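Just query.txt here, compact mmCIF, C-alpha atoms:
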# COMPACT_ATOMS: atom_id res chain seq x y z
CA ILE Y 1 -8.02 -8.01 3.59
CA ALA Y 2 -8.76 -4.76 5.45
CA LYS Y 3 -7.36 -6.25 8.67
CA ILE Y 4 -4.19 -7.32 6.86
CA LEU Y 5 -3.76 -3.88 5.28
CA ASP Y 6 -4.36 -2.16 8.62
CA LYS Y 7 -1.80 -4.37 10.32
CA ALA Y 8 0.76 -3.85 7.56
CA ASN Y 9 0.33 -0.07 7.72
CA SER Y 10 -0.21 0.32 11.48
CA THR Y 11 -3.61 1.90 11.02
CA ASP Y 12 -7.32 1.16 11.25
CA LYS Y 13 -8.35 3.22 8.22
CA TYR Y 14 -9.05 0.26 5.92
CA GLN Y 15 -11.44 -1.40 8.36
CA ALA Y 16 -13.09 1.96 9.12
CA VAL Y 17 -13.80 2.59 5.43
CA LEU Y 18 -15.13 -0.93 5.03
CA ALA Y 19 -17.42 -0.47 8.04
CA ALA Y 20 -18.73 2.84 6.66
CA GLU Y 21 -19.55 1.25 3.31
CA LEU Y 22 -21.19 -1.75 4.98
CA ALA Y 23 -23.37 0.65 6.97
CA LYS Y 24 -24.63 2.08 3.65
CA ILE Y 25 -25.57 -1.41 2.48
CA ASN Y 26 -27.45 -2.05 5.70
CA ASN Y 27 -29.05 1.42 5.73
CA PRO Y 28 -29.54 2.94 2.26
CA GLU Y 29 -30.49 6.28 3.86
CA LEU Y 30 -26.75 6.79 4.46
CA THR Y 31 -25.90 6.77 0.75
CA PRO Y 32 -25.05 10.06 -0.97
CA SER Y 33 -28.00 9.74 -3.33
CA ALA Y 34 -30.41 9.26 -0.42
CA LYS Y 35 -29.01 12.35 1.30
CA ILE Y 36 -29.50 14.43 -1.84
CA LEU Y 37 -33.03 13.11 -2.29
CA ASP Y 38 -33.77 14.05 1.33
CA LEU Y 39 -32.60 17.60 0.68
CA LEU Y 40 -34.70 17.83 -2.48
CA VAL Y 41 -37.89 16.19 -1.22
CA ASN Y 42 -38.08 16.67 2.53
CA GLN Y 43 -36.28 19.97 2.92
CA ASN Y 44 -37.55 21.61 -0.28
CA GLU Y 45 -34.08 22.49 -1.56
CA SER Y 46 -33.67 22.99 -5.30
CA LEU Y 47 -31.31 20.79 -7.25
CA THR Y 48 -29.36 23.90 -8.23
CA GLN Y 49 -28.96 24.95 -4.58
CA VAL Y 50 -27.82 21.46 -3.58
CA ALA Y 51 -25.36 21.22 -6.47
CA LEU Y 52 -23.87 24.66 -5.78
CA SER Y 53 -23.61 23.95 -2.06
CA LEU Y 54 -21.85 20.62 -2.66
CA ALA Y 55 -19.53 22.21 -5.22
CA GLN Y 56 -18.55 24.88 -2.68
CA GLN Y 57 -17.93 22.22 0.00
CA TYR Y 58 -15.73 20.21 -2.37
CA LYS Y 59 -13.84 23.33 -3.43
CA ASP Y 60 -13.24 24.40 0.18
CA GLY Y 61 -12.08 20.90 1.11
CA LEU Y 62 -9.63 20.73 -1.76
CA LEU Y 63 -8.26 24.22 -1.11
CA ALA Y 64 -7.66 23.28 2.55
CA GLN Y 65 -5.35 20.43 1.51
CA ASP Y 66 -1.68 20.73 0.74
CA TYR Y 67 -1.06 20.71 -2.98
CA GLN Y 68 2.01 19.20 -4.60
CA VAL Y 69 3.00 19.90 -8.16
CA PHE Y 70 4.18 16.81 -10.02
CA ASN Y 71 6.42 17.82 -12.87
CA GLU Y 72 9.17 16.25 -14.94
CA GLU Y 73 11.91 17.65 -12.70
CA LEU Y 74 10.38 15.97 -9.64
CA PHE Y 75 10.33 12.60 -11.41
CA ILE Y 76 13.90 12.99 -12.66
CA GLU Y 77 15.10 13.77 -9.13
CA SER Y 78 13.10 10.83 -7.78
CA VAL Y 79 14.81 8.47 -10.24
CA LYS Y 80 18.26 9.83 -9.31
CA GLN Y 81 17.51 9.38 -5.61
CA SER Y 82 16.21 5.86 -6.18
CA HIS Y 83 19.36 4.89 -8.07
CA GLN Y 84 21.53 6.40 -5.32
CA ASP Y 85 19.54 4.53 -2.64
CA GLN Y 86 19.98 1.28 -4.57
CA LYS Y 87 23.72 1.89 -4.90
CA ASN Y 88 24.00 2.57 -1.17
CA ILE Y 89 22.21 -0.66 -0.36
CA GLU Y 90 24.33 -2.67 -2.77
CA ASP Y 91 27.55 -1.05 -1.49
CA SER Y 92 26.66 -1.96 2.09
CA ASP Y 93 26.15 -5.66 1.25
CA THR Y 94 28.72 -7.81 3.00
CA LEU Y 95 27.54 -11.16 1.69
CA SER Y 96 27.76 -12.48 -1.85
CA PHE Y 97 24.52 -13.56 -3.46
CA ASP Y 98 25.64 -17.21 -3.46
CA ASP Y 99 26.45 -17.05 0.25
CA PHE Y 100 23.10 -15.38 0.88
CA LEU Y 101 21.27 -18.19 -0.92
CA THR Y 102 23.21 -20.84 0.97
CA ASP Y 103 22.43 -19.18 4.29
CA TYR Y 104 18.77 -18.65 3.33
CA PHE Y 105 18.17 -22.30 2.39
CA ASN Y 106 20.03 -23.62 5.41
CA ARG Y 107 17.54 -21.99 7.78

Would you kindly transcribe this structure into structure tokens?
Amino acid sequence: IAKILDKANSTDKYQAVLAAELAKINNPELTPSAKILDLLVNQNESLTQVALSLAQQYKDGLLAQDYQVFNEELFIESVKQSHQDQKNIEDSDTLSFDDFLTDYFNR
């Protein structure tokens, strides 16, 4: 399925994610819980320090991303644009539906 999705979207992201998750199955030390346990046990970090550090990393990562506000106006404009796009497609049709079906089934 990942190969099909990658091909359909001209990417390799689906297979890469699958490979990363498979690596965690084959090596449990790669799981997030194992990494946290390593910090707590082997590096003598406190749970509070680990939690605060991770929270700061997540916050920084989210703030670095573009943020888009989804509001009612955006959805209304999206619907209008979709209807206009549909009308444009339908207006550019040069073949009746019956002729289309005849041509389709004759192939």

d(atom CA of Y:Ile36, atom CA of Y:Gln57) in Å: 14.1 Å

Please report the interatomic distance between atom CA of Y:Asp60 and atom CA of Y:Thr31 in Å with one decimal.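 Computing the Euclidean distance for atom CA of Y:Asp60 and atom CA of Y:Thr31 yields 21.7 Å.
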
Quick one: distance from atom CA of Y:Glu21 to atom CA of Y:Ala2 in Å, one decimal? 12.5 Å

Test item: axis-aligned box, all listed atoms of stretch 60-78 of chain Y, 6 Å on each side, centre and edges in Å rounded to one decimal, as JSON:
{"center_x": 0.9, "center_y": 17.6, "center_z": -6.2, "size_x": 40.3, "size_y": 25.6, "size_z": 29.5}

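Comparing the minimum interatomic distances between Y:Lys35 and each of Y:Lys80, Y:Val50, Y:Ala8, Y:Leu18, counting all atoms listed in the file, we find that Y:Val50 sits nearest.
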
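Closest approach to Y:Pro32 from the set Y:Val79, Y:Thr48, Y:Asp6, Y:Leu54 is made by Y:Leu54, with distances taken over all atoms listed in the file.
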
Give me the residues within 10 Å of Y:Tyr14 as an MDAnalysis selection string, counting all atoms listed in the file and dropping any in the same chain fewer than 3 places off. chainID Y and resid 1:7 9 11 17:19

I need the residues from that last selection saved to file as a PDB file, keeping the file's coordinate frame (with C-alpha atoms), if you can.
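Saved as out.pdb:
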ATOM      1  CA  ILE Y   1      -8.020  -8.010   3.590  1.00  0.00           C
ATOM      2  CA  ALA Y   2      -8.760  -4.760   5.450  1.00  0.00           C
ATOM      3  CA  LYS Y   3      -7.360  -6.250   8.670  1.00  0.00           C
ATOM      4  CA  ILE Y   4      -4.190  -7.320   6.860  1.00  0.00           C
ATOM      5  CA  LEU Y   5      -3.760  -3.880   5.280  1.00  0.00           C
ATOM      6  CA  ASP Y   6      -4.360  -2.160   8.620  1.00  0.00           C
ATOM      7  CA  LYS Y   7      -1.800  -4.370  10.320  1.00  0.00           C
ATOM      8  CA  ASN Y   9       0.330  -0.070   7.720  1.00  0.00           C
ATOM      9  CA  THR Y  11      -3.610   1.900  11.020  1.00  0.00           C
ATOM     10  CA  VAL Y  17     -13.800   2.590   5.430  1.00  0.00           C
ATOM     11  CA  LEU Y  18     -15.130  -0.930   5.030  1.00  0.00           C
ATOM     12  CA  ALA Y  19     -17.420  -0.470   8.040  1.00  0.00           C
TER      13      ALA Y  19
END

Would you fill the gaps in stretch 26-37 of chain Y so it has all heavy atoms, then print it as a PDB file, in the coordinates of the input?
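Everything below was put into result.pdb:
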ATOM      1  N   ASN Y  26     -26.440  -1.705   4.707  1.00  0.00           N
ATOM      2  CA  ASN Y  26     -27.450  -2.050   5.700  1.00  0.00           C
ATOM      3  C   ASN Y  26     -28.486  -0.943   5.907  1.00  0.00           C
ATOM      4  O   ASN Y  26     -29.598  -1.208   6.361  1.00  0.00           O
ATOM      5  CB  ASN Y  26     -26.788  -2.385   7.045  1.00  0.00           C
ATOM      6  CG  ASN Y  26     -25.973  -3.659   6.958  1.00  0.00           C
ATOM      7  OD1 ASN Y  26     -26.332  -4.585   6.236  1.00  0.00           O
ATOM      8  ND2 ASN Y  26     -24.869  -3.708   7.677  1.00  0.00           N
ATOM      9  N   ASN Y  27     -28.129   0.296   5.583  1.00  0.00           N
ATOM     10  CA  ASN Y  27     -29.050   1.420   5.730  1.00  0.00           C
ATOM     11  C   ASN Y  27     -28.884   2.353   4.532  1.00  0.00           C
ATOM     12  O   ASN Y  27     -28.067   3.273   4.559  1.00  0.00           O
ATOM     13  CB  ASN Y  27     -28.772   2.160   7.043  1.00  0.00           C
ATOM     14  CG  ASN Y  27     -29.748   3.293   7.261  1.00  0.00           C
ATOM     15  OD1 ASN Y  27     -30.648   3.528   6.461  1.00  0.00           O
ATOM     16  ND2 ASN Y  27     -29.566   4.014   8.356  1.00  0.00           N
ATOM     17  N   PRO Y  28     -29.670   2.143   3.476  1.00  0.00           N
ATOM     18  CA  PRO Y  28     -29.540   2.940   2.260  1.00  0.00           C
ATOM     19  C   PRO Y  28     -29.725   4.448   2.468  1.00  0.00           C
ATOM     20  O   PRO Y  28     -29.302   5.242   1.636  1.00  0.00           O
ATOM     21  CB  PRO Y  28     -30.627   2.390   1.337  1.00  0.00           C
ATOM     22  CG  PRO Y  28     -30.915   1.030   1.863  1.00  0.00           C
ATOM     23  CD  PRO Y  28     -30.666   1.095   3.341  1.00  0.00           C
ATOM     24  N   GLU Y  29     -30.309   4.849   3.584  1.00  0.00           N
ATOM     25  CA  GLU Y  29     -30.490   6.280   3.860  1.00  0.00           C
ATOM     26  C   GLU Y  29     -29.142   6.986   4.057  1.00  0.00           C
ATOM     27  O   GLU Y  29     -29.072   8.203   4.023  1.00  0.00           O
ATOM     28  CB  GLU Y  29     -31.375   6.483   5.099  1.00  0.00           C
ATOM     29  CG  GLU Y  29     -32.803   5.995   4.916  1.00  0.00           C
ATOM     30  CD  GLU Y  29     -33.527   6.700   3.784  1.00  0.00           C
ATOM     31  OE1 GLU Y  29     -33.448   7.944   3.699  1.00  0.00           O
ATOM     32  OE2 GLU Y  29     -34.176   6.004   2.969  1.00  0.00           O
ATOM     33  N   LEU Y  30     -28.084   6.216   4.260  1.00  0.00           N
ATOM     34  CA  LEU Y  30     -26.750   6.790   4.460  1.00  0.00           C
ATOM     35  C   LEU Y  30     -26.014   7.051   3.143  1.00  0.00           C
ATOM     36  O   LEU Y  30     -24.952   7.666   3.152  1.00  0.00           O
ATOM     37  CB  LEU Y  30     -25.910   5.861   5.342  1.00  0.00           C
ATOM     38  CG  LEU Y  30     -26.436   5.608   6.752  1.00  0.00           C
ATOM     39  CD1 LEU Y  30     -25.574   4.576   7.465  1.00  0.00           C
ATOM     40  CD2 LEU Y  30     -26.494   6.911   7.545  1.00  0.00           C
ATOM     41  N   THR Y  31     -26.578   6.588   2.030  1.00  0.00           N
ATOM     42  CA  THR Y  31     -25.900   6.770   0.750  1.00  0.00           C
ATOM     43  C   THR Y  31     -25.974   8.232   0.302  1.00  0.00           C
ATOM     44  O   THR Y  31     -26.902   8.966   0.657  1.00  0.00           O
ATOM     45  CB  THR Y  31     -26.519   5.888  -0.346  1.00  0.00           C
ATOM     46  OG1 THR Y  31     -27.875   6.298  -0.547  1.00  0.00           O
ATOM     47  CG2 THR Y  31     -26.444   4.409   0.024  1.00  0.00           C
ATOM     48  N   PRO Y  32     -25.005   8.679  -0.483  1.00  0.00           N
ATOM     49  CA  PRO Y  32     -25.050  10.060  -0.970  1.00  0.00           C
ATOM     50  C   PRO Y  32     -26.326  10.386  -1.751  1.00  0.00           C
ATOM     51  O   PRO Y  32     -26.891  11.468  -1.592  1.00  0.00           O
ATOM     52  CB  PRO Y  32     -23.810  10.148  -1.882  1.00  0.00           C
ATOM     53  CG  PRO Y  32     -22.872   9.115  -1.339  1.00  0.00           C
ATOM     54  CD  PRO Y  32     -23.761   7.999  -0.869  1.00  0.00           C
ATOM     55  N   SER Y  33     -26.787   9.455  -2.550  1.00  0.00           N
ATOM     56  CA  SER Y  33     -28.000   9.740  -3.330  1.00  0.00           C
ATOM     57  C   SER Y  33     -29.211   9.912  -2.415  1.00  0.00           C
ATOM     58  O   SER Y  33     -30.059  10.774  -2.659  1.00  0.00           O
ATOM     59  CB  SER Y  33     -28.260   8.631  -4.351  1.00  0.00           C
ATOM     60  OG  SER Y  33     -28.386   7.376  -3.704  1.00  0.00           O
ATOM     61  N   ALA Y  34     -29.292   9.122  -1.357  1.00  0.00           N
ATOM     62  CA  ALA Y  34     -30.410   9.260  -0.420  1.00  0.00           C
ATOM     63  C   ALA Y  34     -30.349  10.608   0.302  1.00  0.00           C
ATOM     64  O   ALA Y  34     -31.385  11.244   0.547  1.00  0.00           O
ATOM     65  CB  ALA Y  34     -30.406   8.122   0.591  1.00  0.00           C
ATOM     66  N   LYS Y  35     -29.159  11.048   0.634  1.00  0.00           N
ATOM     67  CA  LYS Y  35     -29.010  12.350   1.300  1.00  0.00           C
ATOM     68  C   LYS Y  35     -29.437  13.495   0.388  1.00  0.00           C
ATOM     69  O   LYS Y  35     -30.088  14.443   0.833  1.00  0.00           O
ATOM     70  CB  LYS Y  35     -27.569  12.535   1.774  1.00  0.00           C
ATOM     71  CG  LYS Y  35     -27.192  11.604   2.921  1.00  0.00           C
ATOM     72  CD  LYS Y  35     -25.741  11.787   3.308  1.00  0.00           C
ATOM     73  CE  LYS Y  35     -25.360  10.850   4.437  1.00  0.00           C
ATOM     74  NZ  LYS Y  35     -23.961  11.013   4.847  1.00  0.00           N
ATOM     75  N   ILE Y  36     -29.088  13.391  -0.888  1.00  0.00           N
ATOM     76  CA  ILE Y  36     -29.500  14.430  -1.840  1.00  0.00           C
ATOM     77  C   ILE Y  36     -31.008  14.402  -2.031  1.00  0.00           C
ATOM     78  O   ILE Y  36     -31.661  15.456  -2.055  1.00  0.00           O
ATOM     79  CB  ILE Y  36     -28.750  14.264  -3.178  1.00  0.00           C
ATOM     80  CG1 ILE Y  36     -27.272  14.611  -2.977  1.00  0.00           C
ATOM     81  CG2 ILE Y  36     -29.367  15.146  -4.274  1.00  0.00           C
ATOM     82  CD1 ILE Y  36     -26.393  14.331  -4.169  1.00  0.00           C
ATOM     83  N   LEU Y  37     -31.571  13.213  -2.162  1.00  0.00           N
ATOM     84  CA  LEU Y  37     -33.030  13.110  -2.290  1.00  0.00           C
ATOM     85  C   LEU Y  37     -33.731  13.700  -1.076  1.00  0.00           C
ATOM     86  O   LEU Y  37     -34.765  14.370  -1.204  1.00  0.00           O
ATOM     87  CB  LEU Y  37     -33.455  11.656  -2.486  1.00  0.00           C
ATOM     88  CG  LEU Y  37     -33.285  11.100  -3.890  1.00  0.00           C
ATOM     89  CD1 LEU Y  37     -33.595   9.609  -3.913  1.00  0.00           C
ATOM     90  CD2 LEU Y  37     -34.163  11.853  -4.875  1.00  0.00           C
TER      91      LEU Y  37
END
